[in-house]
Structures are given as C-alpha cells and as structure tokens.
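**Student:** File name input30.txt; file contents compact mmCIF, C-alpha atoms; full text below.
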```txt
# COMPACT_ATOMS: atom_id res chain seq x y z
CA MET V 1 11.84 -0.84 -1.70
CA ASN V 2 13.16 2.68 -1.00
CA LYS V 3 14.03 3.18 2.67
CA ASN V 4 13.57 6.96 2.25
CA TYR V 5 9.85 6.56 1.54
CA TYR V 6 7.44 7.19 4.42
CA ALA V 7 3.70 7.52 4.89
CA ILE V 8 1.51 9.27 7.42
CA LEU V 9 -1.84 7.49 7.50
CA MET V 10 -4.58 9.71 8.93
CA ALA V 11 -6.98 7.56 10.95
CA GLY V 12 -8.41 9.78 13.67
CA GLY V 13 -11.74 10.87 12.14
CA VAL V 14 -15.17 9.82 13.33
CA GLY V 15 -17.06 9.75 10.00
CA SER V 16 -20.28 10.93 11.60
CA ARG V 17 -22.12 11.16 8.25
CA PHE V 18 -22.02 7.32 8.25
CA TRP V 19 -23.88 7.09 11.54
CA PRO V 20 -25.22 4.79 12.92
CA VAL V 21 -22.61 2.37 11.49
CA SER V 22 -19.71 4.77 12.10
CA THR V 23 -19.62 5.88 15.74
CA ASN V 24 -17.21 7.60 18.12
CA ASP V 25 -16.15 4.21 19.46
CA PHE V 26 -15.89 2.47 16.07
CA PRO V 27 -15.40 4.90 13.14
CA LYS V 28 -15.85 4.08 9.47
CA GLN V 29 -12.15 3.50 8.71
CA PHE V 30 -12.33 0.34 10.85
CA HIS V 31 -15.39 -1.02 9.00
CA ASP V 32 -15.59 -3.07 5.81
CA MET V 33 -17.87 -0.49 4.20
CA LEU V 34 -17.68 -2.00 0.70
CA GLY V 35 -18.10 -5.64 1.63
CA SER V 36 -14.64 -6.42 0.20
CA GLY V 37 -13.40 -8.49 3.13
CA GLU V 38 -11.05 -5.73 4.29
CA THR V 39 -11.69 -2.61 6.32
CA LEU V 40 -10.91 0.77 4.80
CA ILE V 41 -7.76 1.23 6.88
CA GLN V 42 -6.56 -2.26 5.94
CA LYS V 43 -7.03 -1.53 2.24
CA THR V 44 -5.19 1.81 2.54
CA PHE V 45 -2.27 0.27 4.45
CA SER V 46 -1.98 -2.51 1.89
CA ARG V 47 -2.05 0.00 -0.98
CA LEU V 48 0.70 2.16 0.55
CA SER V 49 2.90 -0.81 1.47
CA GLN V 50 3.28 -1.69 -2.22
CA LEU V 51 5.69 1.25 -2.45
CA ILE V 52 6.62 2.09 1.14
CA PRO V 53 8.30 -0.18 3.71
CA LYS V 54 5.69 -1.25 6.26
CA GLU V 55 7.87 -0.10 9.14
CA ASN V 56 7.90 3.41 7.59
CA ILE V 57 4.12 3.82 7.69
CA LEU V 58 3.00 5.86 10.70
CA ILE V 59 -0.64 5.78 11.82
CA LEU V 60 -2.04 9.00 13.26
CA THR V 61 -5.11 8.39 15.35
CA ASN V 62 -6.93 9.18 18.55
CA GLU V 63 -5.95 7.47 21.79
CA ARG V 64 -9.27 5.62 21.91
CA TYR V 65 -8.54 3.82 18.60
CA ASN V 66 -5.08 2.51 19.50
CA GLN V 67 -6.22 -1.07 20.06
CA LEU V 68 -8.36 -1.08 16.91
CA VAL V 69 -5.33 -0.05 14.84
CA LEU V 70 -3.14 -2.77 16.32
CA GLU V 71 -5.83 -5.43 15.88
CA GLN V 72 -6.56 -4.55 12.25
CA LEU V 73 -2.96 -3.89 11.19
CA PRO V 74 -0.93 -6.76 12.72
CA ASP V 75 2.22 -5.68 10.82
CA VAL V 76 2.25 -2.36 12.68
CA LYS V 77 4.19 -1.96 15.93
CA GLN V 78 3.07 0.27 18.77
CA GLU V 79 5.82 2.81 18.07
CA GLN V 80 4.32 3.39 14.60
CA VAL V 81 0.99 4.47 16.11
CA LEU V 82 0.94 8.18 17.01
CA LEU V 83 -1.80 8.95 19.49
CA GLU V 84 -3.35 12.41 19.62
CA PRO V 85 -4.29 13.29 23.22
CA ALA V 86 -6.52 16.11 21.92
CA MET V 87 -8.38 16.77 18.65
CA ARG V 88 -6.45 19.53 16.86
CA ASN V 89 -7.18 19.01 13.15
CA THR V 90 -4.52 17.92 10.66
CA ALA V 91 -1.69 20.47 10.89
CA PRO V 92 -0.39 19.66 14.42
CA CYS V 93 -0.38 15.91 13.91
CA ILE V 94 1.38 16.21 10.55
CA LEU V 95 4.04 18.43 12.11
CA TYR V 96 4.47 15.99 14.99
CA ALA V 97 4.85 13.02 12.64
CA SER V 98 7.20 14.93 10.33
CA LEU V 99 9.57 15.76 13.17
CA LYS V 100 9.64 12.10 14.20
CA ILE V 101 10.42 11.10 10.62
CA LYS V 102 13.16 13.74 10.32
CA LYS V 103 14.86 12.34 13.40
CA ARG V 104 14.80 8.86 11.85
CA ASN V 105 15.72 9.91 8.32
CA PRO V 106 16.41 13.53 7.30
CA ASP V 107 16.32 12.47 3.62
CA ALA V 108 12.76 11.16 3.85
CA VAL V 109 10.00 11.92 1.38
CA MET V 110 6.48 11.17 2.54
CA VAL V 111 2.87 10.90 1.59
CA VAL V 112 0.05 12.01 3.88
CA ALA V 113 -3.08 9.98 3.08
CA PRO V 114 -6.55 9.56 4.59
CA SER V 115 -7.29 6.04 5.79
CA ASP V 116 -10.90 5.91 4.60
CA HIS V 117 -10.88 6.64 0.86
CA TRP V 118 -11.69 4.25 -1.96
CA ILE V 119 -9.20 3.77 -4.81
CA GLU V 120 -9.88 0.96 -7.27
CA ASP V 121 -6.91 1.15 -9.66
CA GLU V 122 -4.08 0.57 -7.19
CA LYS V 123 -1.51 0.19 -9.99
CA ALA V 124 -2.29 3.70 -11.26
CA PHE V 125 -2.17 5.00 -7.69
CA ALA V 126 1.29 3.51 -7.18
CA GLU V 127 2.52 5.01 -10.46
CA ASN V 128 1.16 8.46 -9.54
CA LEU V 129 2.69 8.26 -6.08
CA GLN V 130 6.06 7.23 -7.53
CA SER V 131 6.01 10.26 -9.84
CA CYS V 132 5.29 12.49 -6.85
CA PHE V 133 8.09 10.96 -4.78
CA ASP V 134 10.55 11.42 -7.66
CA PHE V 135 9.56 15.10 -8.00
CA CYS V 136 9.71 15.88 -4.28
CA ALA V 137 13.05 14.14 -3.83
CA LYS V 138 14.57 16.68 -6.25
CA GLU V 139 12.49 19.84 -5.71
CA ASP V 140 11.59 22.02 -2.75
CA ALA V 141 7.89 21.40 -3.37
CA LEU V 142 4.65 20.82 -1.56
CA LEU V 143 2.69 18.50 -3.82
CA THR V 144 -0.86 17.24 -3.78
CA LEU V 145 -2.69 14.63 -5.84
CA GLY V 146 -5.70 16.35 -7.42
CA ILE V 147 -8.76 14.34 -8.36
CA GLN V 148 -10.32 14.76 -11.81
CA PRO V 149 -13.86 16.10 -11.17
CA THR V 150 -16.66 14.07 -12.70
CA PHE V 151 -19.55 16.37 -11.77
CA PRO V 152 -20.00 19.82 -10.14
CA ASN V 153 -19.64 18.61 -6.54
CA THR V 154 -20.33 21.26 -3.91
CA GLY V 155 -19.00 19.12 -1.05
CA PHE V 156 -15.30 19.31 -1.99
CA GLY V 157 -12.73 22.05 -2.08
CA TYR V 158 -11.06 22.63 -5.46
CA ILE V 159 -7.50 23.17 -6.67
CA GLU V 160 -6.94 25.64 -9.50
CA PHE V 161 -3.80 24.99 -11.51
CA ASP V 162 -2.02 26.97 -14.20
CA LYS V 163 -3.67 25.89 -17.47
CA THR V 164 -0.65 27.11 -19.45
CA ASP V 165 1.63 24.65 -17.60
CA GLU V 166 2.30 21.76 -19.97
CA ASN V 167 4.19 19.67 -17.41
CA SER V 168 2.49 16.61 -15.92
CA ILE V 169 2.98 18.12 -12.44
CA LYS V 170 1.44 21.57 -12.52
CA LYS V 171 1.83 24.78 -10.54
CA VAL V 172 -1.09 25.47 -8.22
CA MET V 173 -2.63 28.91 -8.63
CA GLN V 174 -4.92 28.76 -5.61
CA PHE V 175 -7.12 26.58 -3.43
CA ARG V 176 -10.84 27.28 -3.63
CA GLU V 177 -13.38 26.67 -0.87
CA LYS V 178 -16.42 24.43 -1.36
CA PRO V 179 -18.42 26.25 -4.05
CA ASP V 180 -22.11 26.63 -4.75
CA TYR V 181 -23.50 24.64 -7.65
CA GLU V 182 -23.14 27.33 -10.34
CA THR V 183 -19.54 28.04 -9.31
CA ALA V 184 -18.74 24.32 -9.34
CA LYS V 185 -20.16 24.10 -12.89
CA SER V 186 -17.91 26.97 -13.98
CA PHE V 187 -14.91 25.17 -12.45
CA LEU V 188 -15.58 22.08 -14.56
CA GLU V 189 -16.07 24.16 -17.69
CA SER V 190 -12.72 25.89 -17.12
CA GLY V 191 -10.88 22.59 -17.28
CA ASN V 192 -8.12 23.54 -14.84
CA PHE V 193 -9.81 22.69 -11.55
CA LEU V 194 -9.38 19.47 -9.56
CA TRP V 195 -10.99 18.14 -6.40
CA ASN V 196 -8.85 18.44 -3.29
CA GLY V 197 -8.63 14.84 -2.11
CA GLY V 198 -6.41 15.53 0.90
CA ILE V 199 -3.42 13.48 -0.34
CA PHE V 200 -0.12 15.33 0.07
CA ILE V 201 3.48 14.50 -0.85
CA TRP V 202 6.68 16.33 0.14
CA SER V 203 10.16 15.86 1.52
CA VAL V 204 10.53 16.16 5.26
CA LYS V 205 12.85 19.13 4.66
CA SER V 206 10.25 21.01 2.59
CA ILE V 207 7.31 20.53 4.95
CA LEU V 208 9.30 21.45 8.06
CA LYS V 209 10.65 24.53 6.29
CA ALA V 210 7.06 25.52 5.49
CA PHE V 211 5.90 24.99 9.08
CA ALA V 212 8.77 27.13 10.38
CA GLN V 213 7.78 29.90 7.96
CA PHE V 214 3.98 29.87 8.24
CA GLN V 215 3.33 28.36 11.68
CA PRO V 216 6.30 29.50 13.80
CA GLN V 217 4.47 29.22 17.13
CA MET V 218 3.30 25.67 16.47
CA ASN V 219 6.72 24.76 15.12
CA GLN V 220 8.43 26.05 18.27
CA LEU V 221 6.00 24.11 20.46
CA PHE V 222 6.85 20.77 18.87
CA GLU V 223 10.56 21.56 18.41
CA LYS V 224 10.80 21.64 22.21
CA GLY V 225 10.21 17.91 22.22
CA TYR V 226 12.52 17.00 19.36
CA ASN V 227 15.12 15.36 21.62
CA ASP V 228 12.37 13.27 23.22
CA PHE V 229 10.87 12.00 19.96
CA ASN V 230 11.43 8.31 19.22
CA THR V 231 12.43 7.76 22.87
CA PRO V 232 10.45 6.65 25.97
CA LEU V 233 10.06 10.35 26.89
CA GLU V 234 7.99 11.17 23.80
CA THR V 235 4.58 10.19 25.20
CA ARG V 236 4.98 12.39 28.25
CA PHE V 237 5.98 15.40 26.15
CA ILE V 238 3.06 14.94 23.73
CA ASN V 239 0.54 14.49 26.54
CA GLU V 240 1.74 17.68 28.23
CA HIS V 241 2.09 19.92 25.16
CA TYR V 242 -0.10 18.69 22.29
CA ALA V 243 -3.29 20.39 23.46
CA PHE V 244 -1.57 23.80 23.22
CA ALA V 245 -1.23 23.49 19.44
CA GLY V 246 -3.61 25.52 17.27
CA ASN V 247 -6.69 23.77 15.91
CA ILE V 248 -6.04 24.19 12.18
CA SER V 249 -5.95 22.09 9.01
CA ILE V 250 -2.85 21.57 6.92
CA ASP V 251 -4.62 23.40 4.06
CA TYR V 252 -5.10 26.61 6.07
CA ALA V 253 -1.86 26.29 8.02
CA VAL V 254 0.52 25.73 5.11
CA MET V 255 -0.83 24.90 1.66
CA GLU V 256 -2.84 28.08 1.08
CA ASN V 257 0.11 30.25 2.14
CA ALA V 258 3.02 28.63 0.33
CA GLU V 259 4.25 29.56 -3.16
CA ASN V 260 5.92 26.22 -3.95
CA VAL V 261 2.70 24.21 -4.27
CA PHE V 262 2.16 21.80 -7.17
CA VAL V 263 -0.49 19.28 -8.17
CA LEU V 264 -0.46 16.04 -10.15
CA PRO V 265 -3.87 15.29 -11.70
CA ALA V 266 -4.57 11.73 -10.59
CA THR V 267 -5.15 9.00 -13.16
CA PHE V 268 -6.98 6.65 -10.78
CA ASP V 269 -10.65 6.44 -9.81
CA TRP V 270 -11.27 7.91 -6.38
CA ASN V 271 -14.11 8.29 -3.91
CA ASP V 272 -13.79 9.84 -0.48
CA LEU V 273 -16.57 7.62 0.88
CA GLY V 274 -17.70 10.57 2.92
CA THR V 275 -21.44 9.88 2.86
CA TRP V 276 -23.95 7.09 2.34
CA GLY V 277 -24.58 8.50 -1.12
CA SER V 278 -20.92 8.19 -2.11
CA LEU V 279 -20.93 4.60 -0.82
CA HIS V 280 -24.06 3.90 -2.88
CA GLU V 281 -22.10 4.84 -6.01
CA LYS V 282 -19.52 2.10 -5.40
CA LEU V 283 -21.78 -0.81 -4.47
CA ASP V 284 -23.51 -3.28 -6.77
CA LYS V 285 -27.12 -2.31 -7.46
CA ASP V 286 -30.30 -4.10 -8.49
CA ASP V 287 -32.32 -3.18 -11.59
CA ASN V 288 -33.86 -0.22 -9.75
CA ASN V 289 -30.49 1.13 -8.55
CA ASN V 290 -30.95 -0.08 -4.97
CA ALA V 291 -27.75 -1.04 -3.11
CA ILE V 292 -28.27 -3.71 -0.47
CA ILE V 293 -25.77 -4.67 2.27
CA ASN V 294 -26.29 -7.66 4.59
CA ALA V 295 -30.08 -7.53 4.25
CA THR V 296 -32.76 -9.68 2.71
CA VAL V 297 -35.26 -7.34 1.09
CA VAL V 298 -38.66 -7.25 -0.51
CA LEU V 299 -38.94 -4.04 -2.54
CA GLU V 300 -41.98 -2.58 -4.23
CA ASN V 301 -41.90 0.75 -6.06
CA ALA V 302 -38.48 1.45 -4.52
CA SER V 303 -35.45 2.85 -6.33
CA ASP V 304 -32.08 4.53 -5.76
CA ASN V 305 -31.95 3.49 -2.09
CA ILE V 306 -29.05 2.19 0.01
CA ILE V 307 -30.21 -0.42 2.51
CA ARG V 308 -27.95 -1.86 5.20
CA SER V 309 -28.52 -4.19 8.12
CA ASP V 310 -26.09 -6.05 10.35
CA ALA V 311 -28.72 -8.52 11.45
CA LYS V 312 -29.46 -10.30 8.14
CA LYS V 313 -33.07 -9.36 8.78
CA LEU V 314 -35.90 -9.23 6.27
CA ILE V 315 -36.61 -5.61 5.29
CA ILE V 316 -39.80 -4.79 3.37
CA ILE V 317 -40.05 -1.43 1.60
CA ASP V 318 -42.77 0.04 -0.56
CA GLY V 319 -42.76 3.49 -2.13
CA LEU V 320 -39.38 4.82 -0.99
CA ASN V 321 -37.05 6.42 -3.50
CA ASP V 322 -33.57 7.85 -2.94
CA TYR V 323 -33.40 7.02 0.78
CA ILE V 324 -30.80 5.77 3.24
CA ILE V 325 -32.16 2.89 5.33
CA VAL V 326 -29.77 1.59 7.99
CA ASP V 327 -30.63 -0.83 10.80
CA LYS V 328 -27.89 -1.02 13.42
CA ASN V 329 -28.42 -2.40 16.93
CA ASP V 330 -30.97 -0.13 18.60
CA VAL V 331 -31.01 2.51 15.85
CA LEU V 332 -33.09 2.59 12.65
CA LEU V 333 -32.19 5.39 10.24
CA ILE V 334 -34.57 6.27 7.40
CA TYR V 335 -33.31 9.46 5.81
CA PRO V 336 -33.47 11.18 2.40
CA LYS V 337 -30.24 10.69 0.48
CA GLY V 338 -30.50 14.27 -0.75
CA LYS V 339 -30.13 15.51 2.84
CA GLU V 340 -27.25 13.20 3.80
CA GLN V 341 -24.97 16.12 4.69
CA ASP V 342 -27.39 16.91 7.54
CA ILE V 343 -26.79 13.58 9.29
CA LYS V 344 -23.70 14.98 10.99
CA GLY V 345 -25.83 17.70 12.60
CA ILE V 346 -28.45 15.18 13.70
CA VAL V 347 -25.76 13.05 15.34
CA ALA V 348 -24.39 16.08 17.20
CA LYS V 349 -27.82 16.66 18.74
CA ILE V 350 -28.53 13.11 19.87
CA VAL V 351 -25.08 11.63 20.63
CA LYS V 352 -23.57 13.28 23.71
```
Translate the structure of the given file into structure tokens.

**Tutor:**
Amino acid sequence: MNKNYYAILMAGGVGSRFWPVSTNDFPKQFHDMLGSGETLIQKTFSRLSQLIPKENILILTNERYNQLVLEQLPDVKQEQVLLEPAMRNTAPCILYASLKIKKRNPDAVMVVAPSDHWIEDEKAFAENLQSCFDFCAKEDALLTLGIQPTFPNTGFGYIEFDKTDENSIKKVMQFREKPDYETAKSFLESGNFLWNGGIFIWSVKSILKAFAQFQPQMNQLFEKGYNDFNTPLETRFINEHYAFAGNISIDYAVMENAENVFVLPATFDWNDLGTWGSLHEKLDKDDNNNAIINATVVLENASDNIIRSDAKKLIIIDGLNDYIIVDKNDVLLIYPKGKEQDIKGIVAKIVK
C-alpha cells in the first residue's frame, strides 16, 4: 500500500433533509441508512482503506461528533480526527488538513471524499481513484471525479468538460450551478456534462499552491499555525484562529478559479443519498414500488412511498402515493416526496 496516499473524509454535515432520522446530534453519516449492517461513514472508510493506509485517512468533523467517529471507526486514532470549532464550509477545513498532511509527507497525493455517499461497485471506484492518484502524482492538477448523469437532475451542480479531449482524464471547461429542468436536459443532450459529486484528488503541493494563489488571506491565517500542526499546540491554535477563516466552499474558493482543473468520468454507480427520495432509489421495493425499513405494514392503494420506523410498529396506509412516512421517537413525518427539498427549511423553523 502506497504510503504517499492520503484521504480527507468529510464528516461534519448534518443531513437535515433526512430529518427526523438525521439530527444535529446524530447525523446521517453515522446511521445505517441502507440497512447494510454498516453506517455510511463505516462503508466510506472501508472503501478508502482498500487503497489508502488507514493511518493516512483523516476525518474532518464537528467537535460534537468526535466520540461518534471514534466509536464507529475503531481503527482511527484521536490524532486522525480533525475537529472544526466553527462551521466554515469545506475550503478552510481542506486547507487545514492539507497543511497537516504536508508536514507529515510533502510528497502526498490525496482524495477528499464525502462520508455519506453510496457507491456499489467498490472495485471500479478503487480503479478510478488509482488512475486519479497516478495522474496527480505526475501533473500539477486539481482533479475531480465526475458522475455520469442518468437524468436531468436540478439538485446537482454540473461539470462541463472539453468534448474534443480524447484522453480518459479530461480538461474542465467550467463548473455550472444547479440548473433548471430545461437547462439540465440540454446538459444531458450535449454529452459533455457530468454531475459534481464533490470528490477531489490532487497532490498536496498542487492544492496548497492553489490556496496561496486564490485564497491568500485564508492561506496566511493557517500558515501561522504550521509549526504547531501535528503537535500538542495544534488544538489551541485551531480553537483560537479557525473561526476567522472565510465561510466558503472548495468549489468557489479554488476549483472555479483555477486553470489546471481536470475530470475523470466515473465508471461506478453513485448516489449522494441527499434526500429520502434518493434513498428510496437504492432500497428494495415491493410490487407497488414501496420501500419499507424496520416497519410492518398493511398497504392499500399505496405506491412509490418510503416508509421507515425504528419501533418495528405496525403501520397501516391507504391511499398515499409518493410520500415519505417516517416514525422516529416523538416525531411522525408524512411528507410528499416531490417536496423533499423543502424538509430542510421545515427543520430550520422547528429545530432551534
């Protein structure tokens, strides 16, 4: 296993669209959402450790999830868990982790991966990741794994690549924001657009060079603590300085500004498991396309629903189609699947 390979596993999100199962205290990455016997973060860690030494996988998360990480990933030591004292989006935490990795190994190449995505063909994932590592070890490149779109999704950003590029790893022309439906249809018809899945690969030299160029103020802030990183003084520095970093994603901070951006169209199936509807796609269904988790049900004139209960209770439904039905402790959610993106706003109103 290559000692120069590293991973930054992003595990700080709340996943509020999966409320009431995913909560501020226990987000979706720590749940077994698919009924596979492993939580999402456990599956992601296992997938990455096929190629990357376990001790080289850093977990980026919020302070409140530290114990959950250590409980669910027993192979991880405390020094591998990077705790954000303030929520500042993805750019600051990636810069922080990259500087720590540089101090350990200036020849490192790394992958930045969300902890809560679903990938079924792990062999294809490992092969794609190996191709990316090989490319980034030789080239000054910022690389992303693009997902082949299967329908005109308006919930994802898109990556436009050069359709004249015949190489397997292609030059990125531009990143495109979440489109409306007609624009998304035109993207699919063009044939040179991919979903932005938020998986990035680069050498530590290339990403730190990009931060210095495009985010000099943020770079200077974290460079002040470089001598403290990987020492007992690191926590104090981060607690005192992290909140001063700009609240900005890695896409806006670096990727949309850089010229040396490339994409490898992924060959594996992928789902971001961002909503109940996306989970419904990946679960076994009955003859009427109902997905049932932990519940005993009696269904009449009901189709295309996802039904979940943690109490093994009997749930009787008549006349509901395309709904999310979730029974969790003292909350019962009955919500149209077509409005699932609105759940986040509902949660913001009622969860203080």

**Student:** Point out the residue among V:Thr154, V:Gln29, V:Asn56, V:Asn192 with the least atom-to-atom distance to V:Ala108, counting all atoms listed in the file.

**Tutor:**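 Closest candidate: V:Asn56.
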
**Student:** Excluding V:Ala210 and residues on its chain fewer than 3 positions from it, collect all residues at most 12 Å away from it, counting only C-alpha atoms, and give them as number ranges by chain.

**Tutor:** V: 91, 95, 98, 140-142, 202-207, 213-216, 218-219, 250-251, 253-261

**Student:** Using only C-alpha atoms, pick whichever of V:Lys337, V:Lys3, V:Arg88, V:Lys102 has the shortest atom-to-atom distance to V:Glu281.

**Tutor:**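 That would be V:Lys337, the residue with the smallest distance to V:Glu281.
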
**Student:** Which distance in Å separates atom CA of V:Glu182 and atom CA of V:Gln341, to one decimal?

**Tutor:**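 So the two atoms, atom CA of V:Glu182 and atom CA of V:Gln341, lie 18.8 Å apart.
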
**Student:** For atom CA of V:Leu299 and atom CA of V:Leu320, determine how far apart the two atoms are, in Å to one decimal place.

**Tutor:**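 Going from atom CA of V:Leu299 over to atom CA of V:Leu320, I get 9.0 Å.
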
**Student:** Set the distance at 10 Å and use all atoms listed in the file: which residues neighbour V:Gly35 once local chain neighbours fewer than 6 positions away are removed? I'd like the list as a list of chain:residue names.

**Tutor:** V:Leu283, V:Ile293, V:Asn294

**Student:** Given the selection you just returned, output its residues as a file containing C-alpha atoms, formatted as a PDB file, keeping the file's coordinate frame.

**Tutor:**
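Printed below is result09.pdb as written:
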```
ATOM      1  CA  LEU V 283     -21.780  -0.810  -4.470  1.00  0.00           C
ATOM      2  CA  ILE V 293     -25.770  -4.670   2.270  1.00  0.00           C
ATOM      3  CA  ASN V 294     -26.290  -7.660   4.590  1.00  0.00           C
TER       4      ASN V 294
END
```

**Student:** How many Å separate atom CA of V:Val21 from atom CA of V:Ala302?

**Tutor:**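 Atom-to-atom, atom CA of V:Val21 to atom CA of V:Ala302, that is 22.6 Å.
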
**Student:** Name all residues at most 8 Å from V:Val172 (count only C-alpha atoms; drop same-chain ones fewer than 5 positions away) and give them as a list in words.

**Tutor:**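 Contacts, with the query itself left out: Ile159, Glu160, Phe161, Asp162, Val261, Phe262 and Val263 of chain V.
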
**Student:** Find the residues near V:Glu223: any atom within 10 Å, counting all atoms listed in the file, skip ones fewer than 4 places away on the same chain, and give them as JSON, numbers by chain.

**Tutor:** {"V": [95, 96, 99, 212, 217, 218, 219, 227, 228, 229]}

**Student:** Using only C-alpha atoms, which residues sit within 10 Å of V:Trp276 once same-chain residues fewer than 6 positions away are excluded, as a list in words?

**Tutor:**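 Listed by chain and then number, they are Arg17, Phe18, Trp19, Met33, Asn305, Ile306, Ile307, Tyr323, Ile324, Ile325, Val326, Lys337, Glu340, Gln341 and Ile343 of chain V.
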
**Student:** Could you check the closest approach to V:Gly146 for each of V:Gly246, V:Pro20, V:Pro106, V:Gly198 and tell me which residue wins, using all atoms listed in the file?

**Tutor:**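 Residue with the minimum atom-to-atom distance to V:Gly146: V:Gly198.
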
**Student:** Take the point (-2.4, 8.1, -11.6) in the file's coordinates, draw a sphere of radius 10 Å around it, and report as a ChimeraX atom specification every protein, DNA or RNA residue with an atom inside or on it, counting all atoms listed in the file.

**Tutor:** /V:121-131,145-147,264-269

**Student:** Under the rule that all atoms listed in the file are counted, which of V:Trp195, V:Tyr158, V:Phe222, V:Phe133 is the nearest residue to V:Ala245?

**Tutor:**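 Result for the nearest residue to V:Ala245: V:Phe222.
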
**Student:** My list of candidates is V:Asn4, V:Thr235, V:Asn89, V:Ser22. Which is closest to V:Glu55 when distances are computed with all atoms listed in the file?

**Tutor:**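 Of all the options, V:Asn4 lies closest to V:Glu55.
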
**Student:** Have a look at V:Leu208, V:Ile59, V:Ala86, V:Ile317 and name the one nearest to V:Glu240; count all atoms listed in the file.

**Tutor:**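 Of the candidates, the smallest distance to V:Glu240 is held by V:Ala86.
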
**Student:** For the point (-27.1, 23.2, -9.5) in the file's frame, write as number ranges by chain all residues with an atom no more than 8 Å away, counting all atoms listed in the file.

**Tutor:** V: 152, 180-182, 185
